[in-house]
Amino acid sequence: MRIFDPHIHMTSRTTDDYEAMYAAGVRALVEPSFWLGQPRTSPASFYDYFDSLLGWEPFRAAQHGIAHHCTLALNPKEANDPRCTPVLDELPRYLVKDGVVAVGEIGYDSMTPAEDTALAAQLQLAADHGLPALVHTPHRDKLAGLRRTLDVVGESALPADRVLIDHLNETTVKEAKDGGCWLGFSVYPDTKMDEERMVAILRAYGPEKVLVNSAADWGRSDPLKTRGVGDLMLAEGFTEDDVDLVLWRNPVAFYGLSGRLDLDLDVEDTEATATHEGNSILRGGAPAATPTER
C-alpha cells in the first residue's frame, strides 16, 4: 500500500514518526503551514518557519525515504492579529519556490472580517501564482463556515476545482462536493473523523476527488491514521485500486495542479542542505541513511 499524506505537520513530529510512517507505506506528504500553538508576535517568525518548511523539513523527510512538499500561507487564526498581517505582502516571494505546491492553510477560524480579507487575498495569490489552494474549515459552526468559504471561492479568480476543502465531515461533505471542490478529511484519535466514519463517507459519496490525511500535529494525533483508513477500506470490501486512488492518486492529482510535485526521491543518493534562507535543497553528496540502516 503506497500512501501520500496530503496534510500532516511534521514540524511537530519526531524521527520515530518518520520511521513508522515509512514502514506503514508513506512515501510522500504535504506539510501545510499552520498555527504553532504559541501566538507569533512578528512577521519575522513566519519567515523562519517558512524557511524551515522549504529546507530543513524536506531534508529530514528525505533521510527516511519520504518526499516532502509544503503549502504556505497566513493561517486563519493569526489573520486576526494585526502584528501578523504583513505576512500577506511577503508571501509572493515564497510562493515561487519549487517545494510549494499550494497556498494554505487558508480559510476560517472564527469567521471574522479579518479572516474574510485574508482568505480573499490568498485565493487571489493562488490564482496569480498558478497554485491550488488548501482551505481549512472552522472547528466551530462548520456548516456555516463551509458555506461562507464556498461563497468567497465563487467570487474569486480561482476555480473551485483547484480548491481542496479540508476537515470535512458528514455535515459538510455534500455541499463541498456539490460546490465542485476537492474533498479533504482529517482522521484523528478523538476529534474530527475516525476510520469507520471515513469509510462510511467513502461508501456514500465514492472515492473520486477524496483526500484522507492524518493532519498530525502537536495535539493528540496519529500519523498512521491514513494506513488505518486503507486497511479498513480493504476489510470493508473496497478494492486495492480504490485504496490507491484515495491514498495516492488523488493527492498526486490535486497537488500536481501546481506543476511542482516531485516524487522521484532517491533515498540512497540524497543529501539536502537547508540554506539560511531555506530557499533551496541541494541534491548529491554523501548518501543519506535509509530507515533500515538506522
# chains A, B, ... in the order shown; residues from 1 in each chain; ligands from 1
call {"tool": "closest_atom_pairs", "arguments": {"of": "segment 223-261 of chain A", "to": "segment 144-162 of chain A", "cutoff": "10 Å", "atoms": "only C-alpha atoms", "output": "JSON lines"}}
result
{"residue": "A:Phe254", "atom": "CA", "partner": "A:Arg162", "partner_atom": "CA", "distance": 7.4}
{"residue": "A:Tyr255", "atom": "CA", "partner": "A:Arg162", "partner_atom": "CA", "distance": 9.1}
{"residue": "A:Leu257", "atom": "CA", "partner": "A:Arg162", "partner_atom": "CA", "distance": 7.5}
{"residue": "A:Ser258", "atom": "CA", "partner": "A:Arg162", "partner_atom": "CA", "distance": 9.4}
call {"tool": "residues_around", "arguments": {"residues": "Cys181 of chain A", "least_positions_apart": "2", "cutoff": "8 Å", "atoms": "only C-alpha atoms", "output": "PyMOL selection string"}}
result
chain A and resi 160-165+176-179+183
call {"tool": "closest_residue", "arguments": {"among": "A:Leu95, A:Leu131, A:Ala20, A:Ala120", "to": "Gly259 of chain A", "atoms": "only C-alpha atoms"}}
result
A:Leu131
call {"tool": "closest_residue", "arguments": {"among": "A:Arg93, A:Ala114, A:Leu125, A:Gly219", "to": "Trp35 of chain A", "atoms": "only C-alpha atoms"}}
result
A:Gly219
call {"tool": "select_by_dssp", "arguments": {"residues": "segment 111-209 of chain A", "states": "helix (DSSP H, G or I)", "output": "number ranges by chain"}}
result
A: 113-128, 142-155, 160-162, 173-178, 195-205
call {"tool": "closest_residue", "arguments": {"among": "A:Leu224, A:Leu36, A:Val103, A:Ile3", "to": "Val135 of chain A", "atoms": "only C-alpha atoms"}}
result
A:Val103
call {"tool": "closest_residue", "arguments": {"among": "A:Arg227, A:Arg2, A:His9, A:Arg40", "to": "Val87 of chain A", "atoms": "only C-alpha atoms"}}
result
A:Arg40
call {"tool": "select_by_dssp", "arguments": {"residues": "segment 71-285 of chain A", "states": "strand (DSSP E or B)", "output": "MDAnalysis selection string"}}
result
chainID A and resid 71:72 100:107 133:136 163:166 182:187 192:193 210:213 274 281
call {"tool": "closest_residue", "arguments": {"among": "A:Val30, A:Val100, A:Met1, A:Leu72", "to": "Met233 of chain A", "atoms": "only C-alpha atoms"}}
result
A:Met1
call {"tool": "closest_residue", "arguments": {"among": "A:Arg220, A:Arg203, A:Arg197, A:His69", "to": "Phe238 of chain A", "atoms": "only C-alpha atoms"}}
result
A:Arg203
call {"tool": "atom_distance", "arguments": {"atom1": "atom CA of Met21 of chain A", "atom2": "atom CA of Asp194 of chain A"}}
result
18.2 Å
call {"tool": "decode", "arguments": {"residues": "segment 11-115 of chain A", "atoms": "C-alpha atoms", "output": "PDB file, in the first residue's frame"}}
result
ATOM      1  CA  THR A  11       7.453  20.043  12.344  1.00  0.00           C
ATOM      2  CA  SER A  12       5.599  18.730  15.408  1.00  0.00           C
ATOM      3  CA  ARG A  13       6.653  15.091  14.933  1.00  0.00           C
ATOM      4  CA  THR A  14       9.765  13.053  15.730  1.00  0.00           C
ATOM      5  CA  THR A  15      12.122  10.950  13.631  1.00  0.00           C
ATOM      6  CA  ASP A  16      10.413   7.887  15.135  1.00  0.00           C
ATOM      7  CA  ASP A  17       7.236   9.061  13.402  1.00  0.00           C
ATOM      8  CA  TYR A  18       9.064   9.291  10.076  1.00  0.00           C
ATOM      9  CA  GLU A  19      10.346   5.736  10.503  1.00  0.00           C
ATOM     10  CA  ALA A  20       6.910   4.392  11.450  1.00  0.00           C
ATOM     11  CA  MET A  21       5.281   6.220   8.524  1.00  0.00           C
ATOM     12  CA  TYR A  22       7.784   4.769   6.063  1.00  0.00           C
ATOM     13  CA  ALA A  23       7.190   1.277   7.408  1.00  0.00           C
ATOM     14  CA  ALA A  24       3.427   1.801   7.006  1.00  0.00           C
ATOM     15  CA  GLY A  25       3.783   2.755   3.342  1.00  0.00           C
ATOM     16  CA  VAL A  26       4.029   6.553   3.428  1.00  0.00           C
ATOM     17  CA  ARG A  27       6.259   7.731   0.591  1.00  0.00           C
ATOM     18  CA  ALA A  28       5.153  11.353   0.175  1.00  0.00           C
ATOM     19  CA  LEU A  29       3.489  14.107   2.185  1.00  0.00           C
ATOM     20  CA  VAL A  30       2.469  17.739   2.153  1.00  0.00           C
ATOM     21  CA  GLU A  31       3.042  19.879   5.238  1.00  0.00           C
ATOM     22  CA  PRO A  32       0.795  22.963   5.383  1.00  0.00           C
ATOM     23  CA  SER A  33       1.942  25.989   7.350  1.00  0.00           C
ATOM     24  CA  PHE A  34      -0.294  26.472  10.384  1.00  0.00           C
ATOM     25  CA  TRP A  35      -0.644  27.925  13.865  1.00  0.00           C
ATOM     26  CA  LEU A  36       2.095  26.548  16.097  1.00  0.00           C
ATOM     27  CA  GLY A  37       0.108  26.812  19.337  1.00  0.00           C
ATOM     28  CA  GLN A  38       2.042  29.762  20.736  1.00  0.00           C
ATOM     29  CA  PRO A  39       0.883  33.027  19.099  1.00  0.00           C
ATOM     30  CA  ARG A  40       3.530  34.649  16.951  1.00  0.00           C
ATOM     31  CA  THR A  41       4.365  38.250  17.739  1.00  0.00           C
ATOM     32  CA  SER A  42       6.014  39.377  14.492  1.00  0.00           C
ATOM     33  CA  PRO A  43       6.075  38.520  10.780  1.00  0.00           C
ATOM     34  CA  ALA A  44       9.737  37.502  11.037  1.00  0.00           C
ATOM     35  CA  SER A  45       8.778  34.371  12.963  1.00  0.00           C
ATOM     36  CA  PHE A  46       6.658  33.286   9.982  1.00  0.00           C
ATOM     37  CA  TYR A  47       9.575  33.682   7.621  1.00  0.00           C
ATOM     38  CA  ASP A  48      11.844  31.494   9.754  1.00  0.00           C
ATOM     39  CA  TYR A  49       9.058  28.900   9.808  1.00  0.00           C
ATOM     40  CA  PHE A  50       8.548  29.063   6.045  1.00  0.00           C
ATOM     41  CA  ASP A  51      12.305  28.668   5.550  1.00  0.00           C
ATOM     42  CA  SER A  52      12.239  25.544   7.696  1.00  0.00           C
ATOM     43  CA  LEU A  53       9.398  24.039   5.641  1.00  0.00           C
ATOM     44  CA  LEU A  54      11.405  24.690   2.478  1.00  0.00           C
ATOM     45  CA  GLY A  55      14.771  23.481   3.746  1.00  0.00           C
ATOM     46  CA  TRP A  56      15.165  21.583   6.981  1.00  0.00           C
ATOM     47  CA  GLU A  57      11.976  19.522   6.956  1.00  0.00           C
ATOM     48  CA  PRO A  58      12.433  18.174   3.392  1.00  0.00           C
ATOM     49  CA  PHE A  59      15.949  17.155   4.456  1.00  0.00           C
ATOM     50  CA  ARG A  60      14.587  15.270   7.491  1.00  0.00           C
ATOM     51  CA  ALA A  61      11.918  13.548   5.395  1.00  0.00           C
ATOM     52  CA  ALA A  62      14.360  12.557   2.640  1.00  0.00           C
ATOM     53  CA  GLN A  63      16.573  10.795   5.160  1.00  0.00           C
ATOM     54  CA  HIS A  64      13.626   8.498   5.851  1.00  0.00           C
ATOM     55  CA  GLY A  65      12.623   7.881   2.230  1.00  0.00           C
ATOM     56  CA  ILE A  66       9.698  10.307   2.129  1.00  0.00           C
ATOM     57  CA  ALA A  67       9.211  13.125  -0.398  1.00  0.00           C
ATOM     58  CA  HIS A  68       8.228  16.347   1.400  1.00  0.00           C
ATOM     59  CA  HIS A  69       6.332  19.331  -0.054  1.00  0.00           C
ATOM     60  CA  CYS A  70       4.621  22.223   1.682  1.00  0.00           C
ATOM     61  CA  THR A  71       1.861  24.797   1.410  1.00  0.00           C
ATOM     62  CA  LEU A  72       2.429  28.331   2.689  1.00  0.00           C
ATOM     63  CA  ALA A  73       0.006  31.000   3.890  1.00  0.00           C
ATOM     64  CA  LEU A  74      -1.083  33.271   6.699  1.00  0.00           C
ATOM     65  CA  ASN A  75      -3.265  30.879   8.689  1.00  0.00           C
ATOM     66  CA  PRO A  76      -6.867  31.870   9.578  1.00  0.00           C
ATOM     67  CA  LYS A  77      -6.320  32.147  13.326  1.00  0.00           C
ATOM     68  CA  GLU A  78      -3.391  34.548  13.084  1.00  0.00           C
ATOM     69  CA  ALA A  79      -5.019  36.527  10.292  1.00  0.00           C
ATOM     70  CA  ASN A  80      -6.850  38.249  13.151  1.00  0.00           C
ATOM     71  CA  ASP A  81      -3.621  39.621  14.656  1.00  0.00           C
ATOM     72  CA  PRO A  82      -2.515  42.938  13.070  1.00  0.00           C
ATOM     73  CA  ARG A  83       1.075  42.114  14.011  1.00  0.00           C
ATOM     74  CA  CYS A  84       0.956  39.154  11.613  1.00  0.00           C
ATOM     75  CA  THR A  85      -0.914  40.501   8.583  1.00  0.00           C
ATOM     76  CA  PRO A  86       2.212  41.967   6.896  1.00  0.00           C
ATOM     77  CA  VAL A  87       2.943  38.331   6.007  1.00  0.00           C
ATOM     78  CA  LEU A  88       0.442  38.738   3.165  1.00  0.00           C
ATOM     79  CA  ASP A  89       2.780  41.233   1.499  1.00  0.00           C
ATOM     80  CA  GLU A  90       5.772  38.880   1.724  1.00  0.00           C
ATOM     81  CA  LEU A  91       4.079  35.665   0.634  1.00  0.00           C
ATOM     82  CA  PRO A  92       4.691  36.172  -3.117  1.00  0.00           C
ATOM     83  CA  ARG A  93       8.444  35.704  -2.725  1.00  0.00           C
ATOM     84  CA  TYR A  94       7.814  32.343  -1.047  1.00  0.00           C
ATOM     85  CA  LEU A  95       5.082  31.122  -3.370  1.00  0.00           C
ATOM     86  CA  VAL A  96       7.523  30.944  -6.291  1.00  0.00           C
ATOM     87  CA  LYS A  97       9.662  28.293  -4.537  1.00  0.00           C
ATOM     88  CA  ASP A  98       9.774  24.823  -6.047  1.00  0.00           C
ATOM     89  CA  GLY A  99       8.709  22.996  -2.879  1.00  0.00           C
ATOM     90  CA  VAL A 100       5.463  24.965  -2.534  1.00  0.00           C
ATOM     91  CA  VAL A 101       2.550  23.035  -4.076  1.00  0.00           C
ATOM     92  CA  ALA A 102      -0.399  25.138  -2.849  1.00  0.00           C
ATOM     93  CA  VAL A 103      -1.425  28.200  -0.874  1.00  0.00           C
ATOM     94  CA  GLY A 104      -2.586  27.023   2.542  1.00  0.00           C
ATOM     95  CA  GLU A 105      -3.848  26.582   5.116  1.00  0.00           C
ATOM     96  CA  ILE A 106      -6.269  29.413   4.452  1.00  0.00           C
ATOM     97  CA  GLY A 107      -9.938  29.710   5.356  1.00  0.00           C
ATOM     98  CA  TYR A 108     -11.793  30.406   8.577  1.00  0.00           C
ATOM     99  CA  ASP A 109     -11.272  30.043  12.299  1.00  0.00           C
ATOM    100  CA  SER A 110     -13.804  32.450  13.858  1.00  0.00           C
ATOM    101  CA  MET A 111     -15.280  33.862  10.623  1.00  0.00           C
ATOM    102  CA  THR A 112     -14.226  37.455  11.269  1.00  0.00           C
ATOM    103  CA  PRO A 113     -13.901  40.287   8.735  1.00  0.00           C
ATOM    104  CA  ALA A 114     -10.119  39.982   9.021  1.00  0.00           C
ATOM    105  CA  GLU A 115     -10.379  36.337   8.016  1.00  0.00           C
TER     106      GLU A 115
END
